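See below for entry37.cif, which holds mmCIF, C-alpha atoms.
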data_start
#
loop_
_atom_site.label_atom_id
_atom_site.label_comp_id
_atom_site.auth_asym_id
_atom_site.auth_seq_id
_atom_site.Cartn_x
_atom_site.Cartn_y
_atom_site.Cartn_z
CA MET E 1499 65.82 122.40 96.09
CA ALA E 1500 66.36 125.35 98.45
CA LYS E 1501 68.10 123.04 100.90
CA GLU E 1502 70.40 121.53 98.28
CA LEU E 1503 71.38 125.02 97.06
CA GLU E 1504 72.14 126.06 100.65
CA ARG E 1505 74.03 122.80 101.20
CA GLU E 1506 76.27 123.81 98.31
CA GLY E 1507 76.95 127.16 99.98
CA ILE E 1508 74.55 129.30 97.94
CA PRO E 1509 72.30 131.33 100.24
CA THR E 1510 68.77 130.76 98.97
CA VAL E 1511 65.58 132.53 99.94
CA LEU E 1512 62.32 130.62 99.53
CA LEU E 1513 59.26 132.73 98.77
CA CYS E 1514 56.21 130.65 99.48
CA ASN E 1515 52.76 130.71 101.01
CA ILE E 1516 52.70 127.52 103.12
CA VAL E 1517 55.30 128.45 105.69
CA PRO E 1518 54.70 125.47 108.03
CA ILE E 1519 55.75 123.08 105.26
CA ALA E 1520 58.84 125.15 104.48
CA LEU E 1521 59.77 125.09 108.18
CA THR E 1522 59.10 121.35 108.55
CA VAL E 1523 61.14 120.45 105.51
CA GLY E 1524 63.90 122.76 106.71
CA ALA E 1525 64.33 125.67 104.28
CA ASN E 1526 66.68 128.11 105.97
CA ARG E 1527 65.49 131.49 104.63
CA ILE E 1528 61.74 131.85 104.17
CA VAL E 1529 59.69 134.87 103.04
CA PRO E 1530 55.92 134.29 103.41
CA THR E 1531 53.77 135.33 100.46
CA ARG E 1532 50.05 136.03 99.97
CA GLY E 1533 48.79 133.10 97.92
CA ILE E 1534 49.72 129.68 96.61
CA GLN E 1535 48.92 130.71 93.03
CA TYR E 1536 51.04 133.90 93.04
CA PRO E 1537 54.16 133.78 95.23
CA THR E 1538 55.34 137.19 93.99
CA GLY E 1539 52.01 138.85 93.30
CA ASP E 1540 48.62 139.78 94.65
CA PRO E 1541 45.87 139.94 92.00
CA SER E 1542 43.54 141.77 94.39
CA LEU E 1543 45.66 144.91 93.99
CA SER E 1544 45.89 147.41 91.16
CA ARG E 1545 48.82 146.79 88.82
CA GLU E 1546 50.80 149.62 90.36
CA ARG E 1547 50.23 148.49 93.93
CA GLU E 1548 50.91 144.87 93.02
CA GLU E 1549 54.29 145.84 91.59
CA ALA E 1550 55.04 147.79 94.77
CA TRP E 1551 54.16 144.67 96.79
CA ARG E 1552 56.42 142.54 94.56
CA GLU E 1553 59.24 145.02 95.06
CA HIS E 1554 58.75 144.93 98.82
CA LEU E 1555 58.79 141.12 98.78
CA LEU E 1556 61.99 141.14 96.74
CA MET E 1557 63.66 143.67 99.05
CA THR E 1558 62.69 141.46 102.01
CA ALA E 1559 64.17 138.47 100.17
CA LEU E 1560 67.42 140.28 99.42
CA LYS E 1561 67.69 141.26 103.08
CA ALA E 1562 67.24 137.58 104.02
CA LEU E 1563 70.13 136.69 101.72
CA GLU E 1564 72.34 139.19 103.57
CA THR E 1565 71.33 137.89 107.02
CA PRO E 1566 73.17 135.13 108.89
CA VAL E 1567 70.83 132.42 110.17
CA THR E 1568 71.38 129.33 112.31
CA GLY E 1569 68.37 127.33 111.10
CA PRO E 1570 65.00 127.72 109.38
CA THR E 1571 64.11 131.40 109.75
CA VAL E 1572 61.06 133.37 108.60
CA PHE E 1573 61.54 136.91 107.26
CA PRO E 1574 58.04 138.41 107.29
CA PRO E 1575 57.30 141.20 104.82
CA ASP E 1576 55.46 144.24 106.14
CA PRO E 1577 51.76 143.43 105.58
CA LYS E 1578 50.97 147.14 105.10
CA GLU E 1579 53.16 147.37 102.01
CA MET G 1306 59.17 69.38 100.69
CA LEU G 1307 59.61 73.05 99.99
CA ARG G 1308 61.27 73.72 96.64
CA VAL G 1309 63.60 76.66 97.26
CA VAL G 1310 65.36 78.61 94.49
CA HIS G 1311 68.23 80.88 95.52
CA TYR G 1312 69.49 84.00 93.70
CA ILE G 1313 73.13 85.10 94.06
CA ASN G 1314 75.66 87.14 92.08
CA GLN G 1315 78.81 85.99 90.30
CA PHE G 1316 80.96 86.68 93.35
CA PHE G 1317 79.02 84.52 95.81
CA ALA G 1318 78.73 81.85 93.11
CA GLY G 1319 82.52 81.67 93.17
CA LEU G 1320 82.79 82.55 89.49
CA GLY G 1321 84.85 85.71 89.93
CA GLY G 1322 84.80 89.35 90.94
CA GLU G 1323 84.44 92.48 88.85
CA GLU G 1324 85.97 90.80 85.82
CA LYS G 1325 82.97 88.44 85.73
CA ALA G 1326 80.35 91.03 86.69
CA ASP G 1327 78.85 91.07 83.17
CA LEU G 1328 77.83 87.42 83.44
CA LYS G 1329 74.40 86.75 81.93
CA PRO G 1330 71.70 85.03 83.99
CA GLU G 1331 72.18 81.29 84.32
CA VAL G 1332 70.89 78.45 86.43
CA ARG G 1333 72.76 75.73 88.34
CA SER G 1334 71.03 72.79 89.91
CA GLY G 1335 71.23 72.54 93.68
CA PRO G 1336 72.78 74.98 96.15
CA VAL G 1337 75.85 77.09 95.33
CA GLY G 1338 77.94 79.17 97.76
CA PRO G 1339 75.78 80.50 100.63
CA GLY G 1340 72.99 78.24 99.36
CA ARG G 1341 74.82 75.30 100.92
CA LEU G 1342 74.33 76.87 104.33
CA LEU G 1343 70.65 77.46 103.49
CA GLN G 1344 70.38 73.78 102.56
CA SER G 1345 71.75 72.68 105.92
CA LEU G 1346 69.46 75.16 107.74
CA LEU G 1347 66.44 73.69 105.96
CA GLN G 1348 66.97 70.45 107.96
CA GLY G 1349 64.76 68.30 105.79
CA LYS G 1350 61.92 70.85 105.54
CA GLY G 1351 62.89 71.62 101.99
CA GLU G 1352 65.54 71.60 99.34
CA VAL G 1353 67.50 74.25 97.47
CA VAL G 1354 66.64 72.82 94.06
CA ALA G 1355 68.43 75.40 91.97
CA THR G 1356 70.55 78.54 92.08
CA LEU G 1357 70.05 81.50 89.76
CA ILE G 1358 73.20 83.49 89.11
CA CYS G 1359 73.66 86.84 87.39
CA GLY G 1360 76.57 89.28 87.19
CA ASP G 1361 75.98 92.51 89.10
CA THR G 1362 76.99 94.78 86.22
CA TYR G 1363 74.90 92.83 83.75
CA PHE G 1364 71.88 93.26 86.01
CA ALA G 1365 72.53 96.94 86.76
CA GLU G 1366 72.98 97.84 83.10
CA GLN G 1367 69.86 96.09 81.79
CA PRO G 1368 67.62 95.35 84.78
CA GLU G 1369 64.51 94.70 82.69
CA GLU G 1370 66.26 92.27 80.36
CA ALA G 1371 67.97 90.57 83.32
CA CYS G 1372 64.66 90.24 85.16
CA ARG G 1373 62.95 88.85 82.08
CA ARG G 1374 65.64 86.19 81.58
CA LEU G 1375 65.62 85.30 85.28
CA ALA G 1376 61.82 85.07 85.23
CA ASP G 1377 62.00 82.66 82.29
CA LEU G 1378 64.49 80.49 84.19
CA LEU G 1379 62.60 80.69 87.47
CA PHE G 1380 59.29 79.82 85.80
CA THR G 1381 60.55 76.36 84.80
CA LEU G 1382 61.81 75.51 88.30
CA LYS G 1383 58.39 75.23 89.98
CA ALA G 1384 59.66 77.00 93.09
CA ASP G 1385 57.64 77.25 96.29
CA LEU G 1386 60.00 79.91 97.62
CA MET G 1387 62.59 82.28 96.13
CA LEU G 1388 65.37 83.65 98.33
CA ALA G 1389 67.74 86.39 97.13
CA GLY G 1390 71.09 87.36 98.63
CA PRO G 1391 72.02 88.37 101.29
CA ALA G 1392 73.39 91.39 99.46
CA PHE G 1393 74.69 93.13 102.62
CA ALA G 1394 75.68 96.72 101.68
CA SER G 1395 76.59 95.96 98.07
CA GLY G 1396 74.60 98.41 95.93
CA ARG G 1397 74.35 96.67 92.57
CA TYR G 1398 73.82 93.25 94.17
CA GLY G 1399 71.18 94.79 96.45
CA LEU G 1400 69.33 96.33 93.51
CA ALA G 1401 69.37 92.96 91.76
CA CYS G 1402 68.16 91.03 94.84
CA GLY G 1403 65.35 93.52 95.45
CA GLU G 1404 64.23 93.43 91.83
CA VAL G 1405 64.39 89.64 91.64
CA ALA G 1406 62.32 89.34 94.82
CA ARG G 1407 59.80 91.84 93.43
CA MET G 1408 59.64 90.06 90.07
CA ALA G 1409 59.15 86.60 91.59
CA LEU G 1410 56.36 87.79 93.87
CA ASN G 1411 54.56 90.26 91.60
CA GLU G 1412 54.99 88.60 88.21
CA LEU G 1413 55.19 84.87 89.02
CA THR G 1414 53.32 84.95 92.38
CA ILE G 1415 56.12 82.94 93.97
CA PRO G 1416 56.72 83.85 97.62
CA ALA G 1417 60.06 85.65 97.58
CA VAL G 1418 62.36 87.39 100.05
CA ALA G 1419 65.63 89.29 99.70
CA ALA G 1420 68.09 90.10 102.47
CA MET G 1421 70.23 93.23 102.56
CA HIS G 1422 71.44 96.02 104.82
CA PRO G 1423 68.68 98.60 105.49
CA GLU G 1424 70.74 101.35 103.84
CA ASN G 1425 71.32 99.36 100.65
CA PRO G 1426 69.75 101.27 97.70
CA GLY G 1427 68.10 97.97 96.76
CA VAL G 1428 65.58 98.43 99.59
CA GLN G 1429 63.65 100.71 97.23
CA ALA G 1430 62.15 97.49 95.82
CA ALA G 1431 60.18 97.24 99.08
CA ALA G 1432 58.06 100.18 97.94
CA ALA G 1433 57.16 98.11 94.87
CA GLY G 1434 56.02 95.23 97.05
CA ALA G 1435 59.16 93.16 97.60
CA TYR G 1436 59.74 91.53 100.97
CA ILE G 1437 63.18 92.46 102.28
CA VAL G 1438 64.65 91.36 105.59
CA PRO G 1439 67.50 93.42 107.05
CA CYS G 1440 70.96 92.04 107.64
CA GLY G 1441 74.46 93.30 108.40
CA SER G 1442 76.60 95.36 106.08
CA SER G 1443 79.28 92.82 105.21
CA ALA G 1444 79.61 89.16 104.31
CA ALA G 1445 81.28 88.60 107.68
CA SER G 1446 77.71 88.44 109.04
CA MET G 1447 76.60 85.72 106.60
CA LYS G 1448 75.92 83.21 109.39
CA GLU G 1449 73.67 85.69 111.21
CA ALA G 1450 71.95 86.82 108.00
CA LEU G 1451 70.75 83.49 106.63
CA PRO G 1452 68.53 82.10 109.44
CA PRO G 1453 66.13 85.11 109.54
CA LEU G 1454 65.98 85.14 105.72
CA LEU G 1455 65.06 81.49 105.61
CA ALA G 1456 62.71 81.60 108.60
CA PHE G 1457 60.73 84.48 107.13
CA GLY G 1458 60.74 82.82 103.71
CA ILE G 1459 59.26 79.62 105.13
CA LYS G 1460 56.61 81.66 106.95
CA LEU G 1461 55.76 83.56 103.75
CA ALA G 1462 55.56 80.34 101.73
CA GLY G 1463 53.23 78.94 104.42
CA GLY G 1464 50.96 81.94 103.95
CA SER G 1465 50.73 82.86 107.63
CA ALA G 1466 49.74 86.39 108.67
CA LEU G 1467 52.50 88.92 108.16
CA SER G 1468 53.40 92.36 109.42
CA PRO G 1469 56.72 94.26 109.51
CA ASP G 1470 56.43 94.67 113.30
CA VAL G 1471 56.00 90.96 113.98
CA ASP G 1472 58.13 89.46 111.24
CA GLY G 1473 60.94 91.97 111.05
CA TYR G 1474 60.89 92.69 107.33
CA LEU G 1475 61.28 96.26 106.04
CA PRO G 1476 57.97 98.16 105.75
CA ARG G 1477 56.52 98.12 102.25
CA GLY G 1478 54.36 101.21 102.73
CA ILE G 1479 51.16 99.19 102.67
CA ARG G 1480 48.36 100.19 105.03
CA LYS G 1481 45.94 97.55 106.23
CA ASN G 1482 42.62 98.18 107.91
CA VAL G 1483 42.48 96.68 111.38
CA THR G 1484 39.98 96.94 114.22
CA ALA G 1485 41.41 98.83 117.17
CA ASP G 1486 40.42 98.21 120.77
CA LEU G 1487 39.68 101.88 121.43
CA PRO G 1488 38.28 104.68 119.27
CA ALA G 1489 40.73 107.13 117.66
CA ALA G 1490 39.86 109.99 120.03
CA VAL G 1491 40.69 107.89 123.09
CA ARG G 1492 43.94 106.66 121.55
CA ALA G 1493 44.94 110.22 120.64
CA VAL G 1494 44.23 111.56 124.14
CA ASN G 1495 46.08 108.63 125.70
CA MET G 1496 49.04 109.43 123.50
CA VAL G 1497 49.01 113.09 124.51
CA LEU G 1498 48.79 112.15 128.19
CA ALA G 1499 51.71 109.77 127.76
CA LYS G 1500 53.71 112.48 126.02
CA ILE G 1501 53.00 115.03 128.78
CA ALA G 1502 53.89 112.50 131.46
CA GLY G 1503 57.09 111.57 129.63
CA ARG G 1504 55.94 107.96 129.16
CA PRO G 1505 56.85 106.13 125.99
CA PHE G 1506 54.23 106.01 123.23
CA THR G 1507 54.18 104.94 119.61
CA SER G 1508 52.71 107.11 116.89
CA GLU G 1509 50.31 105.31 114.58
CA ILE G 1510 51.53 107.38 111.65
CA PRO G 1511 55.24 107.23 110.83
CA LEU G 1512 56.42 110.78 110.28
CA PRO G 1513 58.80 111.55 107.42
CA GLN G 1514 62.30 112.42 108.55
CA PHE G 1515 63.73 115.57 106.99
CA ASP G 1516 67.40 116.26 107.34
CA ARG G 1517 68.70 119.65 108.40
CA VAL G 1518 71.06 121.65 106.25
CA THR G 1519 73.59 124.00 107.79
CA PRO G 1520 72.62 127.43 106.44
CA ALA G 1521 74.88 128.92 103.80
CA PRO G 1522 76.72 132.03 104.95
CA PRO G 1523 74.95 135.23 103.88
CA VAL G 1524 76.01 137.40 100.96
CA PRO G 1525 78.08 140.24 102.43
CA ASP G 1526 76.65 142.82 100.03
CA ILE G 1527 73.81 141.81 97.74
CA ARG G 1528 74.44 144.90 95.56
CA GLN G 1529 77.69 143.24 94.46
CA ALA G 1530 76.08 139.85 93.78
CA THR G 1531 74.74 138.06 90.73
CA VAL G 1532 71.51 136.31 91.70
CA ALA G 1533 69.78 133.30 90.09
CA LEU G 1534 66.00 132.90 89.80
CA VAL G 1535 64.66 129.40 90.49
CA THR G 1536 61.08 128.17 90.73
CA GLU G 1537 59.00 125.06 91.23
CA SER G 1538 55.88 126.86 89.97
CA GLY G 1539 56.03 125.27 86.52
CA LEU G 1540 56.69 128.52 84.64
CA VAL G 1541 57.87 127.59 81.14
CA PRO G 1542 57.95 129.17 77.68
CA ALA G 1543 54.57 128.80 75.95
CA GLY G 1544 54.18 125.28 74.60
CA ASN G 1545 56.36 123.71 77.32
CA PRO G 1546 59.23 122.81 74.95
CA ASP G 1547 60.93 120.40 77.38
CA ARG G 1548 57.66 118.76 78.41
CA ILE G 1549 58.00 119.24 82.14
CA GLU G 1550 55.32 117.06 83.74
CA SER G 1551 52.43 118.84 85.47
CA SER G 1552 52.90 116.49 88.42
CA ARG G 1553 55.65 114.17 89.66
CA ALA G 1554 58.24 116.05 87.61
CA SER G 1555 61.16 113.95 86.44
CA HIS G 1556 63.30 116.89 85.33
CA PHE G 1557 63.86 120.63 85.47
CA ALA G 1558 64.77 123.04 82.66
CA ARG G 1559 66.62 126.30 82.27
CA TYR G 1560 65.51 129.07 79.93
CA SER G 1561 67.26 132.26 78.87
CA ILE G 1562 66.09 135.53 80.35
CA GLY G 1563 68.89 137.45 78.65
CA GLY G 1564 67.45 140.74 77.39
CA LEU G 1565 64.01 140.15 78.96
CA ARG G 1566 62.64 142.96 81.11
CA GLY G 1567 59.91 140.74 82.48
CA PHE G 1568 57.81 137.68 81.66
CA ALA G 1569 55.17 138.54 79.06
CA PRO G 1570 51.77 136.84 79.27
CA GLY G 1571 51.29 134.52 76.32
CA GLU G 1572 55.02 133.97 75.94
CA PHE G 1573 55.38 132.18 79.27
CA GLU G 1574 52.85 130.00 81.06
CA SER G 1575 52.61 127.64 84.00
CA VAL G 1576 52.20 123.88 83.50
CA HIS G 1577 51.89 123.15 87.22
CA GLY G 1578 49.02 120.72 87.84
CA GLY G 1579 48.54 121.51 91.52
CA TYR G 1580 46.95 124.99 91.49
CA SER G 1581 44.85 127.18 89.23
CA THR G 1582 47.25 128.92 86.86
CA ASP G 1583 44.87 131.71 85.70
CA PHE G 1584 46.49 134.44 87.82
CA ALA G 1585 49.97 133.29 86.84
CA ASN G 1586 49.23 133.15 83.13
CA ALA G 1587 47.71 136.65 83.26
CA ASP G 1588 51.04 137.91 84.66
CA PRO G 1589 53.87 135.32 84.95
CA ASN G 1590 55.89 137.78 87.07
CA ARG G 1591 53.57 136.66 89.85
CA LEU G 1592 55.49 133.36 89.80
CA VAL G 1593 59.02 134.58 89.11
CA PRO G 1594 59.63 138.28 89.81
CA LEU G 1595 61.70 139.05 86.71
CA ASP G 1596 60.18 142.49 86.05
CA ILE G 1597 61.01 143.90 89.49
CA ALA G 1598 64.35 142.07 89.66
CA ARG G 1599 65.35 143.87 86.44
CA ARG G 1600 64.31 147.20 87.93
CA LEU G 1601 66.33 146.51 91.05
CA GLN G 1602 69.26 145.56 88.87
CA GLY G 1603 68.91 148.87 87.00
CA ALA G 1604 68.81 150.76 90.29
CA GLY G 1605 71.89 148.96 91.65
CA GLY G 1606 70.00 146.80 94.16
CA ILE G 1607 71.75 143.71 92.76
CA ALA G 1608 74.76 143.44 90.46
CA GLY G 1609 73.06 141.16 87.98
CA LEU G 1610 70.75 138.28 87.24
CA TYR G 1611 72.04 134.94 85.99
CA ASP G 1612 71.25 134.60 82.27
CA TYR G 1613 68.88 131.66 82.77
CA TYR G 1614 66.09 130.91 85.18
CA PHE G 1615 65.54 127.35 86.40
CA THR G 1616 62.12 125.79 86.55
CA THR G 1617 60.32 122.58 87.42
CA VAL G 1618 56.98 121.49 88.85
CA GLY G 1619 56.84 120.81 92.58
CA ASN G 1620 53.60 118.85 92.53
CA GLY G 1621 53.99 115.37 93.98
CA THR G 1622 57.61 115.49 92.87
CA SER G 1623 59.73 113.11 94.92
CA VAL G 1624 62.17 114.49 97.46
CA GLN G 1625 64.83 112.45 95.72
CA ASN G 1626 64.19 114.17 92.37
CA ALA G 1627 64.01 117.62 93.95
CA GLN G 1628 67.33 117.01 95.69
CA ALA G 1629 68.93 116.00 92.42
CA PHE G 1630 67.52 119.12 90.68
CA GLY G 1631 68.87 121.31 93.48
CA ARG G 1632 72.32 119.76 93.28
CA GLU G 1633 72.53 120.16 89.51
CA ILE G 1634 71.36 123.77 89.63
CA ALA G 1635 73.83 124.53 92.42
CA ALA G 1636 76.71 123.03 90.46
CA GLU G 1637 75.91 125.14 87.40
CA ILE G 1638 75.38 128.50 89.05
CA ARG G 1639 78.30 128.12 91.42
CA SER G 1640 80.64 127.60 88.52
CA CYS G 1641 79.23 130.74 86.91
CA GLY G 1642 79.85 133.00 89.89
CA VAL G 1643 76.27 133.29 91.14
CA LYS G 1644 76.27 134.25 94.83
CA ALA G 1645 72.64 133.74 95.84
CA ALA G 1646 69.33 132.31 94.66
CA ILE G 1647 65.71 133.40 94.88
CA LEU G 1648 63.39 130.39 94.77
CA THR G 1649 59.65 130.88 94.41
CA ALA G 1650 57.26 128.11 95.38
CA THR G 1651 53.54 127.65 94.88
#
Re-express the file's structure as structure tokens.
Amino acid sequence: MAKELEREGIPTVLLCNIVPIALTVGANRIVPTRGIQYPTGDPSLSREREEAWREHLLMTALKALETPVTGPTVFPPDPKE
Amino acid sequence: MLRVVHYINQFFAGLGGEEKADLKPEVRSGPVGPGRLLQSLLQGKGEVVATLICGDTYFAEQPEEACRRLADLLFTLKADLMLAGPAFASGRYGLACGEVARMALNELTIPAVAAMHPENPGVQAAAAGAYIVPCGSSAASMKEALPPLLAFGIKLAGGSALSPDVDGYLPRGIRKNVTADLPAAVRAVNMVLAKIAGRPFTSEIPLPQFDRVTPAPPVPDIRQATVALVTESGLVPAGNPDRIESSRASHFARYSIGGLRGFAPGEFESVHGGYSTDFANADPNRLVPLDIARRLQGAGGIAGLYDYYFTTVGNGTSVQNAQAFGREIAAEIRSCGVKAAILTAT
């Protein structure tokens, strides 16, 4: 789906855990996440810190949408966030 | 003497073009059209005893009914072999030939083969068990197309051992156990050595081919952009009103997020069948980050969120379906001025 959206000219960032699959299939803007069951969360954190992590992920994703790429590219979030 | 039945469309039967494409299934005795060439190629080994004819549009519009009628006709003909086409690159004719070959083999256990161009959409019948031999893309290659079709058909009717590599038919996705000369470890190392040395080698596992998409240009300033939220995580309103399948999804849905500051547990849930949904159901924003996206919107990080989020289940869902979902979503949000999409995947 990410590829078809990009094909239609809509920059699309894919937040997912299994980055090798995303790269193999050919998603162009990839933000790695912490778990298959929670692409924009981390249940091991307190609610406050989990929301901070989600915000950091989203900021990373927005940056990816503003960045020119030439092919499948990974935008890693800061693991300390 | 091999009793051969041949399937063709209204055009090759000489009955007419598009204006006759809604012709219902019928049977003629003996060869018709390209069947005459098949008859001469048989050289006394068999006989084209009958020709089944159906209009392409009739078949395409009611394939099950068309197949049922053709099966009824074929059943009475006591065929030893069914040949369909060649359909070349003709889409509707190819679909019909593939389906007829599948029906004859799977439902009537009559050896059956269709011929068409490898890019004809009708080759999908191969995945359902039909034997399909490749041919050229236009009827100009009729003379080249018929001998391999007939030769493979005779071999199939004779029950001799078959494989796509040896016999040239399109792979049907069936794996057979065979005894190899060397153990897997030796074969793997030999393959690596060949690869390093630049020698040719053949993988034992065909790898899927994924196309590459030229990246979309970036958004110049995301603070000026309306963004859409998309997910394959199966997040739906409680009760799954559009019955999105928990695996092999056949459709996607869109739900309003107008006025929502986040996804509330109990009001939204995941129906994805490929992971444990406990964490997601406890806080659905872990699947689609609506709560934080709203905060960013309030703080000017993005201009807005599209009024609906799009959702499906990416669990065993075919690439073909996912592509169609992506295209439909793209068409909608583009027409509504959305400049970028955030897609979350589990």
Find the residues around segment 1505-1509 of chain E up to 7 Å (all atoms listed in the file counted), leave out those fewer than 6 positions away in its own chain, and share them as a list in words.
->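 Near neighbours after the sequence-gap exclusion: Leu1563 of chain E; Val1518, Thr1519, Ala1521, Pro1522, Pro1523, Ala1635, Lys1644, Ala1645 and Ala1646 of chain G.
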Segment 1535-1540 of chain E: which residues within 8 Å, counting only C-alpha atoms, same-chain residues fewer than 6 positions away excluded, as a VMD selection string?
-> (chain E and resid 1513 to 1515 1548 to 1549 1551 to 1552 1555) or (chain G and resid 1580 to 1582 1584 to 1585 1590 to 1594 1649 to 1651)
From the set E:Arg1532, E:Arg1547, E:Pro1518, E:Thr1565, which residue has the shortest atom-to-atom contact distance to chain G, counting only C-alpha atoms?
->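 The closest residue to chain G is E:Thr1565.
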Could you spell out the hits of the PyMOL selection byres ((chain G and resi 1553-1568) around 8) on the shown file, as a ChimeraX atom specification?
-> /G:1541-1542,1547,1549-1552,1569-1570,1572-1573,1588-1590,1594-1597,1599,1612-1623,1626,1630
Distance in Å - atom CA of Leu1357 of chain G versus atom CA of Leu1410 of chain G = 15.6 Å
Between G:Cys1359, G:Ala1431, G:Ala1598, G:Ala1604, single out the one closest to Arg1374 of chain G, counting only C-alpha atoms.
-> G:Cys1359
Determine the residue set returned by the PyMOL selection byres ((chain G and resi 1338) around 10) for the present structure, and present it as a PDB file with C-alpha atoms, in the frame of the given file.
ATOM      1  CA  ILE G1313      73.130  85.100  94.060  1.00  0.00           C
ATOM      2  CA  PHE G1316      80.960  86.680  93.350  1.00  0.00           C
ATOM      3  CA  PHE G1317      79.020  84.520  95.810  1.00  0.00           C
ATOM      4  CA  ALA G1318      78.730  81.850  93.110  1.00  0.00           C
ATOM      5  CA  GLY G1319      82.520  81.670  93.170  1.00  0.00           C
ATOM      6  CA  PRO G1336      72.780  74.980  96.150  1.00  0.00           C
ATOM      7  CA  VAL G1337      75.850  77.090  95.330  1.00  0.00           C
ATOM      8  CA  PRO G1339      75.780  80.500 100.630  1.00  0.00           C
ATOM      9  CA  GLY G1340      72.990  78.240  99.360  1.00  0.00           C
ATOM     10  CA  ARG G1341      74.820  75.300 100.920  1.00  0.00           C
ATOM     11  CA  LEU G1342      74.330  76.870 104.330  1.00  0.00           C
ATOM     12  CA  LEU G1343      70.650  77.460 103.490  1.00  0.00           C
ATOM     13  CA  THR G1356      70.550  78.540  92.080  1.00  0.00           C
TER      14      THR G1356
END
So which one's closest to chain E, G:Arg1517, G:His1577, G:Arg1480, G:Lys1350? Using all atoms listed in the file, please.
->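 Of G:Arg1517, G:His1577, G:Arg1480, G:Lys1350, the one nearest chain E, counting all atoms listed in the file, is G:Arg1517.
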Which one is closest to chain G: E:Ile1534, E:Met1557, E:Ile1528, E:Ala1562? Count all atoms listed in the file.
->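 The shortest atom-to-atom distance to chain G comes from E:Ile1534.
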